[in-house]
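Single-structure report; data block below.
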Amino acid sequence: MTSNGSQEVEHVRQARCIVERMRARLLRPSFQALELSATDLNLALECLQKLDVGLKSPIWQGMARRKLEKEVVALRCAILSVEGLLKNAGKFYAGLARLMAPDEAPPNYTPTGVSGATQLATGSVVVHG
């Protein structure tokens with residue numbers, strides 16, 4: 001640990017910047033953005049694993065502690081934002097998959113769910129729209 005804790009604050013700042021970059025990418029969700037998110041999370045995790053913070057140490061009093069707390073709060077906000085974006089991207093793609101899947105319901109079902117007879121009108125054309 002450095003004498004003023006600036007190295008630890010920098011590790012948290014780096015992790016926050018990585019998560020914020022991931023957040024910006026997820027604002028336009030795509031499969032590539034989701035794949036890159038896993039890489040970004042690993043990089044942020046590596047930054048946080050470098051932390052050696054003993055908050056009871058006299059070094060973490062006053063200004064140094066406030067700087068670290070500020071970065072941790074910003075990191076937490078970024079993570080919550082990314083979590084929401086990932087959940088919504090997952091819901092979007094799950095819904096898209098359901099829409100693209102073939103309809104497995106048998107044809108000729110009525111709104112009540114009972115199979116109705118096929119009504120073929122000969123010699124007539126119906127146009128909707």
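Residues in the structure tokens are numbered from 1 in each chain, the chains being A, B, ... in the order shown, and ligands are numbered from 1 in the order shown.
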
Phe92 in chain A: which residues within 12 Å, counting only C-alpha atoms, same-chain residues fewer than 5 positions away excluded, as an mmCIF file with all heavy atoms, in the first residue's frame?
data_model
loop_
_atom_site.group_PDB
_atom_site.id
_atom_site.type_symbol
_atom_site.label_atom_id
_atom_site.label_comp_id
_atom_site.auth_asym_id
_atom_site.auth_seq_id
_atom_site.Cartn_x
_atom_site.Cartn_y
_atom_site.Cartn_z
ATOM 1 N N ARG A 28 -26.469 0.079 -26.383
ATOM 2 C CA ARG A 28 -26.881 -0.445 -27.680
ATOM 3 C C ARG A 28 -26.584 -1.942 -27.653
ATOM 4 O O ARG A 28 -25.569 -2.385 -28.195
ATOM 5 C CB ARG A 28 -26.109 0.246 -28.804
ATOM 6 C CG ARG A 28 -26.469 1.704 -28.968
ATOM 7 C CD ARG A 28 -25.629 2.392 -30.029
ATOM 8 N NE ARG A 28 -24.190 2.251 -29.854
ATOM 9 C CZ ARG A 28 -23.451 2.962 -29.007
ATOM 10 N NH1 ARG A 28 -24.004 3.862 -28.247
ATOM 11 N NH2 ARG A 28 -22.148 2.774 -28.927
ATOM 12 N N PRO A 29 -27.451 -2.726 -26.991
ATOM 13 C CA PRO A 29 -27.137 -4.139 -26.781
ATOM 14 C C PRO A 29 -27.033 -4.922 -28.085
ATOM 15 O O PRO A 29 -27.820 -4.736 -28.998
ATOM 16 C CB PRO A 29 -28.295 -4.647 -25.924
ATOM 17 C CG PRO A 29 -29.400 -3.703 -26.163
ATOM 18 C CD PRO A 29 -28.772 -2.374 -26.481
ATOM 19 N N SER A 30 -26.019 -5.723 -28.135
ATOM 20 C CA SER A 30 -25.817 -6.647 -29.255
ATOM 21 C C SER A 30 -25.107 -7.863 -28.679
ATOM 22 O O SER A 30 -24.629 -7.837 -27.543
ATOM 23 C CB SER A 30 -24.976 -5.993 -30.349
ATOM 24 O OG SER A 30 -23.665 -5.738 -29.866
ATOM 25 N N PHE A 31 -25.023 -8.903 -29.480
ATOM 26 C CA PHE A 31 -24.319 -10.094 -28.997
ATOM 27 C C PHE A 31 -22.845 -9.774 -28.759
ATOM 28 O O PHE A 31 -22.248 -10.252 -27.803
ATOM 29 C CB PHE A 31 -24.477 -11.249 -29.978
ATOM 30 C CG PHE A 31 -25.876 -11.797 -30.010
ATOM 31 C CD1 PHE A 31 -26.630 -11.753 -31.168
ATOM 32 C CD2 PHE A 31 -26.449 -12.339 -28.873
ATOM 33 C CE1 PHE A 31 -27.914 -12.245 -31.190
ATOM 34 C CE2 PHE A 31 -27.733 -12.833 -28.882
ATOM 35 C CZ PHE A 31 -28.480 -12.783 -30.046
ATOM 36 N N LEU A 85 -28.943 -2.930 -17.243
ATOM 37 C CA LEU A 85 -28.819 -3.052 -18.698
ATOM 38 C C LEU A 85 -28.687 -4.513 -19.121
ATOM 39 O O LEU A 85 -29.287 -4.938 -20.115
ATOM 40 C CB LEU A 85 -27.626 -2.244 -19.204
ATOM 41 C CG LEU A 85 -27.796 -0.727 -19.166
ATOM 42 C CD1 LEU A 85 -26.471 -0.030 -19.436
ATOM 43 C CD2 LEU A 85 -28.849 -0.284 -20.162
ATOM 44 N N LEU A 86 -27.915 -5.297 -18.377
ATOM 45 C CA LEU A 86 -27.760 -6.711 -18.712
ATOM 46 C C LEU A 86 -29.078 -7.469 -18.543
ATOM 47 O O LEU A 86 -29.429 -8.305 -19.383
ATOM 48 C CB LEU A 86 -26.668 -7.353 -17.858
ATOM 49 C CG LEU A 86 -25.236 -7.019 -18.249
ATOM 50 C CD1 LEU A 86 -24.251 -7.525 -17.199
ATOM 51 C CD2 LEU A 86 -24.897 -7.588 -19.612
ATOM 52 N N LYS A 87 -29.810 -7.172 -17.478
ATOM 53 C CA LYS A 87 -31.105 -7.834 -17.271
ATOM 54 C C LYS A 87 -32.058 -7.505 -18.412
ATOM 55 O O LYS A 87 -32.733 -8.391 -18.942
ATOM 56 C CB LYS A 87 -31.721 -7.400 -15.935
ATOM 57 C CG LYS A 87 -31.122 -8.066 -14.741
ATOM 58 C CD LYS A 87 -31.810 -7.600 -13.480
ATOM 59 C CE LYS A 87 -31.194 -8.255 -12.256
ATOM 60 N NZ LYS A 87 -31.840 -7.786 -11.014
ATOM 61 N N ALA A 97 -36.328 -14.175 -29.132
ATOM 62 C CA ALA A 97 -36.237 -15.608 -29.434
ATOM 63 C C ALA A 97 -37.627 -16.237 -29.460
ATOM 64 O O ALA A 97 -37.920 -17.077 -30.322
ATOM 65 C CB ALA A 97 -35.356 -16.309 -28.400
ATOM 66 N N ARG A 98 -38.497 -15.829 -28.529
ATOM 67 C CA ARG A 98 -39.865 -16.368 -28.529
ATOM 68 C C ARG A 98 -40.621 -15.937 -29.780
ATOM 69 O O ARG A 98 -41.389 -16.705 -30.346
ATOM 70 C CB ARG A 98 -40.612 -15.920 -27.272
ATOM 71 C CG ARG A 98 -40.248 -16.703 -26.038
ATOM 72 C CD ARG A 98 -41.219 -16.439 -24.893
ATOM 73 N NE ARG A 98 -41.311 -15.038 -24.524
ATOM 74 C CZ ARG A 98 -40.512 -14.426 -23.646
ATOM 75 N NH1 ARG A 98 -39.571 -15.120 -23.033
ATOM 76 N NH2 ARG A 98 -40.674 -13.155 -23.367
ATOM 77 N N LEU A 99 -40.404 -14.698 -30.213
ATOM 78 C CA LEU A 99 -41.079 -14.219 -31.418
ATOM 79 C C LEU A 99 -40.598 -14.933 -32.671
ATOM 80 O O LEU A 99 -41.368 -15.160 -33.598
ATOM 81 C CB LEU A 99 -40.867 -12.711 -31.584
ATOM 82 C CG LEU A 99 -41.617 -11.818 -30.618
ATOM 83 C CD1 LEU A 99 -41.169 -10.372 -30.793
ATOM 84 C CD2 LEU A 99 -43.116 -11.939 -30.822
#

Q. Mind pulling up the distance from CA of Cys47 in chain A to CA of Val12 in chain A?
A.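 Atom-to-atom, CA of Val12 in chain A and CA of Cys47 in chain A are spaced 6.9 Å apart.
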
Shortest contact to Gly5 in chain A, candidates A:Gln32, A:Gln61, A:Ser37, A:Asn88, atoms counted only C-alpha atoms, goes to A:Gln61

(Q) Nearest residue to Arg65 in chain A out of A:Glu35, A:Glu20, A:Glu8, A:Asp40, using only C-alpha atoms? (A)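 Among A:Glu35, A:Glu20, A:Glu8, A:Asp40, it is A:Glu8 that comes nearest to Arg65 in chain A.
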
- If we count only C-alpha atoms, what is near Ile79 in chain A at a cut-off of 9 Å, once residues fewer than 6 positions away on the same chain are taken out, given as a PyMOL selection string? chain A and resi 16+19-20+23

Writer output for current selection, N, CA, C and O atoms, as a short mmCIF file (atom, residue, chain, number, x, y, z; two decimals), in the first residue's frame:
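Once written, again.cif looks like this:
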data_model
loop_
_atom_site.label_atom_id
_atom_site.label_comp_id
_atom_site.auth_asym_id
_atom_site.auth_seq_id
_atom_site.Cartn_x
_atom_site.Cartn_y
_atom_site.Cartn_z
N ARG A 16 -13.87 1.14 -12.08
CA ARG A 16 -15.06 1.95 -12.40
C ARG A 16 -15.06 2.36 -13.87
O ARG A 16 -16.10 2.27 -14.54
N VAL A 19 -16.10 -0.56 -16.00
CA VAL A 19 -17.54 -0.84 -15.88
C VAL A 19 -18.34 0.23 -16.62
O VAL A 19 -19.34 -0.07 -17.28
N GLU A 20 -17.91 1.48 -16.55
CA GLU A 20 -18.61 2.54 -17.27
C GLU A 20 -18.48 2.37 -18.78
O GLU A 20 -19.42 2.68 -19.53
N ARG A 23 -20.95 -0.18 -19.63
CA ARG A 23 -22.29 0.42 -19.59
C ARG A 23 -22.58 1.15 -20.90
O ARG A 23 -23.65 0.99 -21.48
#

For Ala64 in chain A, the closest of A:Leu36, A:Val9, A:Ala44, A:Ala78 counting only C-alpha atoms is A:Val9

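Distances from A:Ile18, A:Leu41, A:Lys50, A:Ser6 to Met63 in chain A were compared using only C-alpha atoms, and the smallest one belongs to A:Ser6.
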
Original post:
Looking at A:Leu26, A:Ala33, A:Ala101, A:Leu51, which one is nearest to His11 in chain A, with distances taken over only C-alpha atoms?
Top reply: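 For His11 in chain A, the nearest of the candidates is A:Leu51.
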